[in-house]
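Structure, as structure tokens:
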Amino acid sequence: MDKVKMLYEGKGKKLYSTHKESILVAEFKDDLTAFNAEKKGSESGKGELNCQITSFLFELLEKNDIKTHFIKRIDSKNILCKEVKIIPIEVVVRNVATGSLTKRLGILDGKVLPFSLVEFYYKDDALGDPLINDEHCKILDITQDVQELDFLRHQARKINSVLKQFFDSKNLKLIDFKLEFGKDADGNIILADEISPDSCRFWDKDTNEKLDKDRFRQDLGNVKLAYEEVLNRILS
Ligand code: UDP
């Protein structure tokens, strides 16, 4: 389906309208950003890798009864998806402590958490995406319906159990990841955005080698090689 008009350009993707109402094309970009876009870069071919990885994982989730915005992959860096109104919450699931959690709570990096932790962050770059709870969601009028927040947590845990098991079979530890949900034209809450090494942390099960955007964040090098490794393992 042809792109008609660019509606939105985010850090990792551009969204285009199509001739069909409520159907969009998402184009994956090569750009990389970190630390609330204070650090910027680009990695040729990264968009194509994330497009393939996201497409595979959204199909896997659909097969496991998780409703998503994903319709199909069109080509190497474009997918067709349902238009949704994004809920301004970044839903983060953590299996192992690292990144901001270790800094915030003083937990040792790499500590396996006693249960999968689900957190909400308010999607607002100007505020630096602060951690929020259900009452903040009400005050911010993200929703007045706590059941919607329970549904997000429930979906996040279900997604985690599917993905964790899948990546374990590919010799990768799913450390943590970020999800975004949106409401479709009928008001259903469905998974949107992407699931890729930009939004997840993957460590090799044997060596703990980082195979995700931390390679860019921490200047570890071989960013594209790491993303390729994740795709190759997914497809293996
Ligand atoms: N994450 C993301 N986008 C964000 C913030 C976090 O995709 O704006 C992902 C990140 O890649 C990691 C998880 O969410 O997989 C948890 O990130 P954390 O809160 O530890 O933030 P960071 O340490 O990256 O600042």
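As shown in the structure tokens, the chain order sets the letters A, B, ...; within each chain, residues go from 1, and ligands are also counted from 1 in the order they appear.
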Could you list, as a compact mmCIF listing (two decimals) with all heavy atoms, in the first residue's frame, all residues that come within 10 Å of ligand 1? Count only C-alpha atoms and all ligand atoms.
# COMPACT_ATOMS: atom_id res chain seq x y z
N LYS A 11 11.57 9.08 16.97
CA LYS A 11 13.01 8.83 17.03
C LYS A 11 13.39 7.64 16.17
O LYS A 11 14.46 7.63 15.55
CB LYS A 11 13.44 8.60 18.48
CG LYS A 11 13.30 9.86 19.32
CD LYS A 11 13.63 9.57 20.78
CE LYS A 11 13.08 10.64 21.70
NZ LYS A 11 12.50 10.10 22.92
N THR A 33 18.96 7.08 19.08
CA THR A 33 19.05 8.13 20.10
C THR A 33 19.11 7.47 21.47
O THR A 33 18.65 6.34 21.64
CB THR A 33 17.82 9.08 20.07
OG1 THR A 33 16.65 8.32 20.34
CG2 THR A 33 17.67 9.80 18.76
N ALA A 34 19.69 8.17 22.41
CA ALA A 34 19.74 7.66 23.78
C ALA A 34 19.74 8.84 24.75
O ALA A 34 19.99 9.98 24.34
CB ALA A 34 20.99 6.80 24.00
N PHE A 35 19.48 8.53 26.02
CA PHE A 35 19.46 9.55 27.08
C PHE A 35 18.56 10.72 26.68
O PHE A 35 19.00 11.87 26.60
CB PHE A 35 20.89 10.01 27.42
CG PHE A 35 21.85 8.87 27.60
CD1 PHE A 35 23.00 8.76 26.81
CD2 PHE A 35 21.59 7.88 28.54
CE1 PHE A 35 23.87 7.68 26.96
CE2 PHE A 35 22.45 6.80 28.70
CZ PHE A 35 23.60 6.71 27.91
N ASN A 36 17.29 10.37 26.40
CA ASN A 36 16.29 11.37 26.04
C ASN A 36 16.77 12.24 24.86
O ASN A 36 16.61 13.45 24.86
CB ASN A 36 15.95 12.23 27.27
CG ASN A 36 14.59 12.88 27.15
OD1 ASN A 36 13.78 12.51 26.29
ND2 ASN A 36 14.33 13.86 27.99
N ALA A 37 17.36 11.55 23.87
CA ALA A 37 17.83 12.16 22.61
C ALA A 37 19.00 13.13 22.79
O ALA A 37 19.32 13.89 21.88
CB ALA A 37 16.68 12.82 21.86
N GLU A 90 4.91 4.56 28.81
CA GLU A 90 5.88 3.54 28.41
C GLU A 90 5.79 2.44 29.46
O GLU A 90 6.05 2.69 30.64
CB GLU A 90 7.29 4.12 28.35
CG GLU A 90 7.38 5.26 27.33
CD GLU A 90 8.79 5.58 26.90
OE1 GLU A 90 9.73 5.27 27.65
OE2 GLU A 90 8.93 6.14 25.79
N VAL A 91 5.37 1.27 29.04
CA VAL A 91 5.24 0.14 29.96
C VAL A 91 6.55 -0.64 29.90
O VAL A 91 6.91 -1.18 28.86
CB VAL A 91 4.05 -0.77 29.56
CG1 VAL A 91 3.93 -1.94 30.54
CG2 VAL A 91 2.76 0.02 29.50
N VAL A 92 7.29 -0.62 31.01
CA VAL A 92 8.58 -1.31 31.05
C VAL A 92 8.45 -2.59 31.88
O VAL A 92 7.87 -2.57 32.96
CB VAL A 92 9.69 -0.39 31.62
CG1 VAL A 92 10.97 -1.17 31.93
CG2 VAL A 92 10.00 0.74 30.63
N VAL A 93 8.94 -3.68 31.32
CA VAL A 93 8.97 -4.96 32.03
C VAL A 93 10.43 -5.32 32.28
O VAL A 93 11.26 -5.22 31.36
CB VAL A 93 8.30 -6.09 31.21
CG1 VAL A 93 8.28 -7.39 32.00
CG2 VAL A 93 6.89 -5.70 30.79
N ARG A 94 10.73 -5.72 33.51
CA ARG A 94 12.12 -6.05 33.85
C ARG A 94 12.20 -7.44 34.48
O ARG A 94 11.47 -7.73 35.42
CB ARG A 94 12.67 -5.06 34.88
CG ARG A 94 12.62 -3.61 34.42
CD ARG A 94 13.12 -2.72 35.55
NE ARG A 94 12.98 -1.31 35.21
CZ ARG A 94 13.90 -0.60 34.55
NH1 ARG A 94 15.02 -1.16 34.16
NH2 ARG A 94 13.70 0.68 34.30
N ALA A 97 17.77 -6.72 36.88
CA ALA A 97 18.02 -5.30 37.18
C ALA A 97 19.21 -4.78 36.37
O ALA A 97 20.28 -5.40 36.36
CB ALA A 97 18.30 -5.13 38.67
N THR A 98 18.99 -3.67 35.69
CA THR A 98 20.08 -2.96 35.00
C THR A 98 19.55 -1.56 34.69
O THR A 98 18.43 -1.22 35.05
CB THR A 98 20.54 -3.72 33.73
OG1 THR A 98 21.78 -3.17 33.28
CG2 THR A 98 19.53 -3.63 32.61
N GLY A 99 20.35 -0.74 34.03
CA GLY A 99 19.90 0.58 33.58
C GLY A 99 19.39 1.44 34.72
O GLY A 99 19.94 1.44 35.83
N SER A 100 18.29 2.14 34.45
CA SER A 100 17.80 3.14 35.40
C SER A 100 17.37 2.52 36.74
O SER A 100 17.43 3.18 37.77
CB SER A 100 16.65 3.94 34.80
OG SER A 100 15.51 3.14 34.64
N LEU A 101 16.94 1.26 36.72
CA LEU A 101 16.47 0.63 37.97
C LEU A 101 17.61 0.51 39.00
O LEU A 101 17.41 0.76 40.19
CB LEU A 101 15.87 -0.76 37.69
CG LEU A 101 15.32 -1.48 38.91
CD1 LEU A 101 14.02 -0.81 39.39
CD2 LEU A 101 15.06 -2.95 38.62
N THR A 102 18.78 0.11 38.51
CA THR A 102 19.91 -0.07 39.44
C THR A 102 20.31 1.27 40.05
O THR A 102 20.65 1.34 41.23
CB THR A 102 21.12 -0.69 38.71
OG1 THR A 102 21.45 0.14 37.60
CG2 THR A 102 20.83 -2.09 38.23
N LYS A 103 20.20 2.33 39.21
CA LYS A 103 20.58 3.67 39.72
C LYS A 103 19.54 4.16 40.71
O LYS A 103 19.86 4.72 41.75
CB LYS A 103 20.69 4.66 38.56
CG LYS A 103 21.87 4.35 37.64
CD LYS A 103 22.08 5.45 36.61
CE LYS A 103 22.90 4.95 35.45
NZ LYS A 103 22.14 4.71 34.23
N ARG A 104 18.26 3.94 40.40
CA ARG A 104 17.18 4.47 41.23
C ARG A 104 17.11 3.78 42.57
O ARG A 104 16.89 4.40 43.60
CB ARG A 104 15.85 4.36 40.48
CG ARG A 104 14.68 5.00 41.17
CD ARG A 104 13.48 5.28 40.25
NE ARG A 104 13.53 4.62 38.97
CZ ARG A 104 12.90 3.46 38.70
NH1 ARG A 104 12.19 2.87 39.61
NH2 ARG A 104 13.00 2.94 37.50
N GLU A 119 6.59 -1.52 35.21
CA GLU A 119 6.59 -0.11 35.62
C GLU A 119 5.94 0.74 34.54
O GLU A 119 6.00 0.40 33.35
CB GLU A 119 8.03 0.40 35.78
CG GLU A 119 8.86 -0.30 36.83
CD GLU A 119 10.30 0.18 36.80
OE1 GLU A 119 10.84 0.40 35.70
OE2 GLU A 119 10.89 0.31 37.87
N PHE A 120 5.37 1.87 34.94
CA PHE A 120 4.83 2.85 33.99
C PHE A 120 5.69 4.12 34.03
O PHE A 120 6.01 4.62 35.12
CB PHE A 120 3.40 3.25 34.37
CG PHE A 120 2.37 2.16 34.23
CD1 PHE A 120 1.18 2.24 34.94
CD2 PHE A 120 2.56 1.08 33.37
CE1 PHE A 120 0.21 1.25 34.82
CE2 PHE A 120 1.60 0.09 33.24
CZ PHE A 120 0.42 0.17 33.97
N TYR A 121 6.01 4.60 32.86
CA TYR A 121 6.69 5.90 32.73
C TYR A 121 5.80 6.79 31.86
O TYR A 121 5.22 6.31 30.88
CB TYR A 121 8.06 5.75 32.05
CG TYR A 121 9.07 4.99 32.88
CD1 TYR A 121 9.09 3.59 32.87
CD2 TYR A 121 9.99 5.65 33.69
CE1 TYR A 121 9.99 2.87 33.64
CE2 TYR A 121 10.90 4.94 34.46
CZ TYR A 121 10.90 3.56 34.43
OH TYR A 121 11.80 2.86 35.19
N TYR A 122 5.71 8.06 32.26
CA TYR A 122 4.90 9.02 31.50
C TYR A 122 5.67 9.44 30.26
O TYR A 122 6.80 9.92 30.36
CB TYR A 122 4.60 10.22 32.40
CG TYR A 122 3.74 11.30 31.79
CD1 TYR A 122 2.69 11.00 30.91
CD2 TYR A 122 3.96 12.64 32.12
CE1 TYR A 122 1.90 12.00 30.37
CE2 TYR A 122 3.16 13.65 31.59
CZ TYR A 122 2.14 13.32 30.71
OH TYR A 122 1.36 14.31 30.19
N LYS A 123 5.07 9.21 29.08
CA LYS A 123 5.73 9.53 27.81
C LYS A 123 5.74 11.05 27.61
O LYS A 123 4.78 11.62 27.09
CB LYS A 123 4.93 8.90 26.67
CG LYS A 123 5.63 7.79 25.93
CD LYS A 123 4.71 7.16 24.89
CE LYS A 123 4.75 7.85 23.56
NZ LYS A 123 5.97 7.66 22.83
N ASP A 124 6.78 11.68 28.09
CA ASP A 124 6.90 13.12 27.93
C ASP A 124 8.38 13.49 27.95
O ASP A 124 9.01 13.53 29.01
CB ASP A 124 6.15 13.84 29.07
CG ASP A 124 6.10 15.35 28.85
OD1 ASP A 124 7.16 15.93 28.52
OD2 ASP A 124 5.04 15.94 29.01
N ASP A 125 8.91 13.75 26.74
CA ASP A 125 10.35 14.02 26.60
C ASP A 125 10.79 15.22 27.43
O ASP A 125 11.85 15.19 28.05
CB ASP A 125 10.71 14.26 25.13
CG ASP A 125 10.71 12.97 24.33
OD1 ASP A 125 10.79 11.89 24.96
OD2 ASP A 125 10.63 13.03 23.09
N GLY A 128 11.44 14.17 30.71
CA GLY A 128 12.37 13.05 30.83
C GLY A 128 11.68 11.73 31.18
O GLY A 128 12.27 10.89 31.86
N ASP A 129 10.45 11.54 30.72
CA ASP A 129 9.68 10.29 30.92
C ASP A 129 9.71 9.81 32.39
O ASP A 129 10.28 8.75 32.70
CB ASP A 129 10.24 9.15 30.03
CG ASP A 129 10.14 9.46 28.55
OD1 ASP A 129 9.35 10.35 28.18
OD2 ASP A 129 10.84 8.79 27.77
N PRO A 130 9.10 10.57 33.31
CA PRO A 130 9.17 10.17 34.73
C PRO A 130 8.38 8.90 35.05
O PRO A 130 7.37 8.61 34.41
CB PRO A 130 8.55 11.37 35.46
CG PRO A 130 7.65 12.00 34.44
CD PRO A 130 8.31 11.79 33.12
N LEU A 131 8.85 8.18 36.07
CA LEU A 131 8.15 7.00 36.60
C LEU A 131 6.83 7.47 37.23
O LEU A 131 6.82 8.45 37.98
CB LEU A 131 9.03 6.35 37.66
CG LEU A 131 8.52 5.09 38.35
CD1 LEU A 131 8.51 3.91 37.39
CD2 LEU A 131 9.39 4.76 39.56
N LEU A 174 16.24 -12.21 28.00
CA LEU A 174 15.45 -10.98 27.85
C LEU A 174 15.53 -10.25 29.19
O LEU A 174 14.86 -10.62 30.16
CB LEU A 174 14.01 -11.32 27.48
CG LEU A 174 13.05 -10.14 27.33
CD1 LEU A 174 13.50 -9.17 26.25
CD2 LEU A 174 11.63 -10.64 27.03
N ILE A 175 16.35 -9.22 29.23
CA ILE A 175 16.63 -8.51 30.49
C ILE A 175 15.49 -7.57 30.86
O ILE A 175 14.94 -7.64 31.95
CB ILE A 175 17.96 -7.72 30.36
CG1 ILE A 175 19.13 -8.65 29.99
CG2 ILE A 175 18.25 -6.91 31.62
CD1 ILE A 175 19.40 -9.75 31.00
N ASP A 176 15.14 -6.69 29.92
CA ASP A 176 14.01 -5.78 30.12
C ASP A 176 13.56 -5.24 28.76
O ASP A 176 14.26 -5.44 27.75
CB ASP A 176 14.35 -4.63 31.10
CG ASP A 176 15.55 -3.80 30.66
OD1 ASP A 176 15.86 -3.76 29.45
OD2 ASP A 176 16.20 -3.20 31.53
N PHE A 177 12.42 -4.61 28.73
CA PHE A 177 11.92 -4.04 27.47
C PHE A 177 10.81 -3.04 27.75
O PHE A 177 10.23 -3.02 28.83
CB PHE A 177 11.43 -5.13 26.50
CG PHE A 177 10.36 -6.03 27.03
CD1 PHE A 177 9.02 -5.80 26.75
CD2 PHE A 177 10.69 -7.13 27.83
CE1 PHE A 177 8.02 -6.64 27.24
CE2 PHE A 177 9.70 -7.98 28.33
CZ PHE A 177 8.37 -7.73 28.04
N LYS A 178 10.55 -2.24 26.71
CA LYS A 178 9.53 -1.20 26.80
C LYS A 178 8.43 -1.45 25.77
O LYS A 178 8.73 -1.80 24.62
CB LYS A 178 10.20 0.16 26.54
CG LYS A 178 9.33 1.36 26.64
CD LYS A 178 8.80 1.90 25.34
CE LYS A 178 9.79 2.25 24.30
NZ LYS A 178 9.20 2.74 23.05
N LEU A 179 7.19 -1.32 26.22
CA LEU A 179 6.06 -1.50 25.31
C LEU A 179 5.24 -0.22 25.25
O LEU A 179 5.22 0.55 26.22
CB LEU A 179 5.15 -2.63 25.82
CG LEU A 179 5.76 -4.01 26.01
CD1 LEU A 179 4.80 -4.92 26.76
CD2 LEU A 179 6.14 -4.63 24.66
N GLU A 180 4.56 -0.05 24.12
CA GLU A 180 3.58 1.03 24.03
C GLU A 180 2.27 0.45 23.51
O GLU A 180 2.28 -0.41 22.64
CB GLU A 180 4.07 2.14 23.10
CG GLU A 180 5.28 2.85 23.70
CD GLU A 180 5.74 4.06 22.90
OE1 GLU A 180 4.91 4.66 22.17
OE2 GLU A 180 6.92 4.39 23.01
N GLU A 194 6.96 -0.82 18.54
CA GLU A 194 7.90 -1.82 18.04
C GLU A 194 8.45 -2.65 19.19
O GLU A 194 8.32 -2.25 20.36
CB GLU A 194 9.07 -1.14 17.32
CG GLU A 194 9.95 -0.32 18.25
CD GLU A 194 11.12 0.35 17.52
OE1 GLU A 194 12.15 -0.32 17.31
OE2 GLU A 194 10.98 1.54 17.18
N ILE A 195 9.02 -3.79 18.86
CA ILE A 195 9.80 -4.57 19.83
C ILE A 195 11.09 -4.93 19.11
O ILE A 195 11.08 -5.72 18.17
CB ILE A 195 9.07 -5.84 20.31
CG1 ILE A 195 7.69 -5.49 20.89
CG2 ILE A 195 9.91 -6.58 21.35
CD1 ILE A 195 6.91 -6.69 21.41
N SER A 196 12.17 -4.33 19.53
CA SER A 196 13.44 -4.47 18.79
C SER A 196 14.61 -4.25 19.76
O SER A 196 14.37 -3.87 20.91
CB SER A 196 13.49 -3.40 17.69
OG SER A 196 13.73 -2.14 18.29
N PRO A 197 15.83 -4.43 19.30
CA PRO A 197 16.96 -4.15 20.20
C PRO A 197 17.06 -2.66 20.60
O PRO A 197 17.83 -2.31 21.49
CB PRO A 197 18.19 -4.58 19.39
CG PRO A 197 17.65 -5.56 18.40
CD PRO A 197 16.28 -5.07 18.05
N ASP A 198 16.26 -1.80 19.94
CA ASP A 198 16.19 -0.40 20.40
C ASP A 198 15.38 -0.29 21.68
O ASP A 198 15.60 0.62 22.48
CB ASP A 198 15.49 0.48 19.35
CG ASP A 198 16.44 0.99 18.27
OD1 ASP A 198 17.63 0.64 18.31
OD2 ASP A 198 15.97 1.74 17.40
N SER A 199 14.42 -1.19 21.86
CA SER A 199 13.48 -1.06 22.98
C SER A 199 13.60 -2.20 24.00
O SER A 199 12.86 -2.23 24.98
CB SER A 199 12.04 -1.00 22.45
OG SER A 199 11.71 -2.19 21.77
N CYS A 200 14.51 -3.13 23.73
CA CYS A 200 14.72 -4.27 24.65
C CYS A 200 16.20 -4.36 25.00
O CYS A 200 17.05 -3.86 24.28
CB CYS A 200 14.40 -5.60 23.96
SG CYS A 200 12.78 -5.75 23.24
N ARG A 201 16.46 -5.06 26.10
CA ARG A 201 17.85 -5.46 26.36
C ARG A 201 17.95 -6.97 26.25
O ARG A 201 17.16 -7.69 26.87
CB ARG A 201 18.31 -5.01 27.75
CG ARG A 201 18.52 -3.50 27.86
CD ARG A 201 19.19 -3.15 29.17
NE ARG A 201 19.59 -1.75 29.22
CZ ARG A 201 18.91 -0.82 29.89
NH1 ARG A 201 17.81 -1.13 30.54
NH2 ARG A 201 19.35 0.42 29.91
N PHE A 202 18.91 -7.43 25.46
CA PHE A 202 19.20 -8.84 25.30
C PHE A 202 20.64 -9.10 25.68
O PHE A 202 21.54 -8.40 25.20
CB PHE A 202 19.05 -9.27 23.82
CG PHE A 202 17.70 -8.98 23.20
CD1 PHE A 202 17.57 -8.01 22.22
CD2 PHE A 202 16.58 -9.70 23.58
CE1 PHE A 202 16.34 -7.75 21.64
CE2 PHE A 202 15.35 -9.45 23.00
CZ PHE A 202 15.23 -8.47 22.03
N ASP A 212 22.14 -5.23 22.13
CA ASP A 212 21.03 -4.28 22.04
C ASP A 212 21.57 -2.85 22.04
O ASP A 212 22.78 -2.65 21.94
CB ASP A 212 20.08 -4.49 23.23
CG ASP A 212 20.85 -4.39 24.54
OD1 ASP A 212 21.41 -3.32 24.81
OD2 ASP A 212 20.94 -5.39 25.28
N LYS A 213 20.66 -1.89 22.22
CA LYS A 213 21.05 -0.48 22.10
C LYS A 213 22.04 -0.03 23.16
O LYS A 213 22.66 1.04 23.02
CB LYS A 213 19.79 0.41 22.12
CG LYS A 213 20.05 1.79 21.57
CD LYS A 213 18.78 2.55 21.22
CE LYS A 213 18.23 3.29 22.38
NZ LYS A 213 17.10 4.16 22.01
N ASP A 214 22.24 -0.81 24.22
CA ASP A 214 23.28 -0.45 25.19
C ASP A 214 24.65 -0.37 24.50
O ASP A 214 25.54 0.35 24.99
CB ASP A 214 23.32 -1.45 26.35
CG ASP A 214 22.38 -1.05 27.48
OD1 ASP A 214 21.81 0.07 27.42
OD2 ASP A 214 22.20 -1.84 28.43
N ARG A 217 24.47 3.16 23.55
CA ARG A 217 24.44 4.02 24.74
C ARG A 217 25.82 4.08 25.40
O ARG A 217 26.28 5.12 25.83
CB ARG A 217 23.46 3.47 25.79
CG ARG A 217 21.99 3.57 25.43
CD ARG A 217 21.12 3.18 26.62
NE ARG A 217 19.71 3.09 26.31
CZ ARG A 217 19.09 1.93 26.03
NH1 ARG A 217 19.73 0.79 26.04
NH2 ARG A 217 17.79 1.94 25.74
Inset, instruction - Find the spatial neighbours of Pro114 of chain A, counting only C-alpha atoms, within a cut-off of 9 Å - ignore same-chain residues fewer than 3 positions away - and output them as a VMD selection string. - result: chain A and resid 95 to 96 117
Inset, instruction - Determine which residues of segment 38-222 of chain A receive a DSSP assignment of strand (DSSP E or B), computed from the backbone, and state them as a PyMOL selection string. - result: chain A and resi 39-42+68+70-75+78-82+85-86+89-96+112-122+131-132+172-183+189-192+200-204+210
Inset, instruction - Give the alpha helix (DSSP H) residues of segment 1-204 of chain A, as DSSP finds them on the backbone, and put them as an NGL selection string. - result: :A and (46-63 or 99-105 or 134-139 or 146-169)
Take the residues just selected and output them with C-alpha atoms as a compact mmCIF listing (two decimals), in the first residue's frame.
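The file below, result-v7.txt, is the result:
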# COMPACT_ATOMS: atom_id res chain seq x y z
CA LYS A 46 19.49 -0.67 11.50
CA GLY A 47 15.98 0.28 10.34
CA GLU A 48 15.75 -2.84 8.17
CA LEU A 49 16.92 -5.07 11.01
CA ASN A 50 14.40 -3.57 13.47
CA CYS A 51 11.64 -3.87 10.88
CA GLN A 52 12.32 -7.60 10.46
CA ILE A 53 12.73 -8.22 14.19
CA THR A 54 9.55 -6.31 15.11
CA SER A 55 7.54 -8.03 12.36
CA PHE A 56 8.63 -11.47 13.53
CA LEU A 57 7.90 -10.72 17.19
CA PHE A 58 4.50 -9.11 16.56
CA GLU A 59 3.52 -12.17 14.49
CA LEU A 60 4.70 -14.41 17.33
CA LEU A 61 2.60 -12.43 19.81
CA GLU A 62 -0.48 -12.50 17.55
CA LYS A 63 -0.11 -16.30 17.41
CA GLY A 99 19.90 0.58 33.58
CA SER A 100 17.80 3.14 35.40
CA LEU A 101 16.47 0.63 37.97
CA THR A 102 19.91 -0.07 39.44
CA LYS A 103 20.58 3.67 39.72
CA ARG A 104 17.18 4.47 41.23
CA LEU A 105 17.07 1.68 43.82
CA ASP A 134 -1.89 4.63 38.94
CA GLU A 135 -2.81 7.77 40.87
CA HIS A 136 -0.47 9.87 38.73
CA CYS A 137 -2.24 8.39 35.67
CA LYS A 138 -5.54 9.69 37.04
CA ILE A 139 -4.14 13.11 37.88
CA VAL A 146 -7.83 1.75 36.75
CA GLN A 147 -9.00 -1.42 34.97
CA GLU A 148 -7.27 -0.14 31.83
CA LEU A 149 -4.01 0.08 33.75
CA ASP A 150 -4.54 -3.43 35.12
CA PHE A 151 -5.12 -4.59 31.53
CA LEU A 152 -1.80 -3.00 30.44
CA ARG A 153 0.01 -4.79 33.28
CA HIS A 154 -1.71 -8.06 32.43
CA GLN A 155 -0.82 -7.79 28.73
CA ALA A 156 2.76 -6.78 29.59
CA ARG A 157 3.20 -9.90 31.76
CA LYS A 158 1.67 -12.13 29.08
CA ILE A 159 3.98 -10.63 26.44
CA ASN A 160 6.92 -11.09 28.78
CA SER A 161 6.19 -14.76 29.31
CA VAL A 162 5.92 -15.42 25.54
CA LEU A 163 9.05 -13.43 24.68
CA LYS A 164 11.17 -14.63 27.60
CA GLN A 165 10.53 -18.26 26.72
CA PHE A 166 11.14 -17.59 23.02
CA PHE A 167 14.44 -15.77 23.54
CA ASP A 168 15.59 -18.35 26.05
CA SER A 169 15.27 -20.95 23.27
Legend entry - Computed interatomic separation between atom CA of Ile86 of chain A and atom CA of His69 of chain A (Å): 10.9 Å
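Minimum atom-to-atom distances from A:Lys224, A:Lys210, A:Lys3, A:Lys29 to Lys77 of chain A were compared using only C-alpha atoms, and the lowest value belongs to A:Lys29.
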Legend entry - Nearest to Ile74 of chain A, chosen from A:Asp2, A:Asp109, A:Glu38, A:Glu43, with only C-alpha atoms counted in the distances: A:Asp2
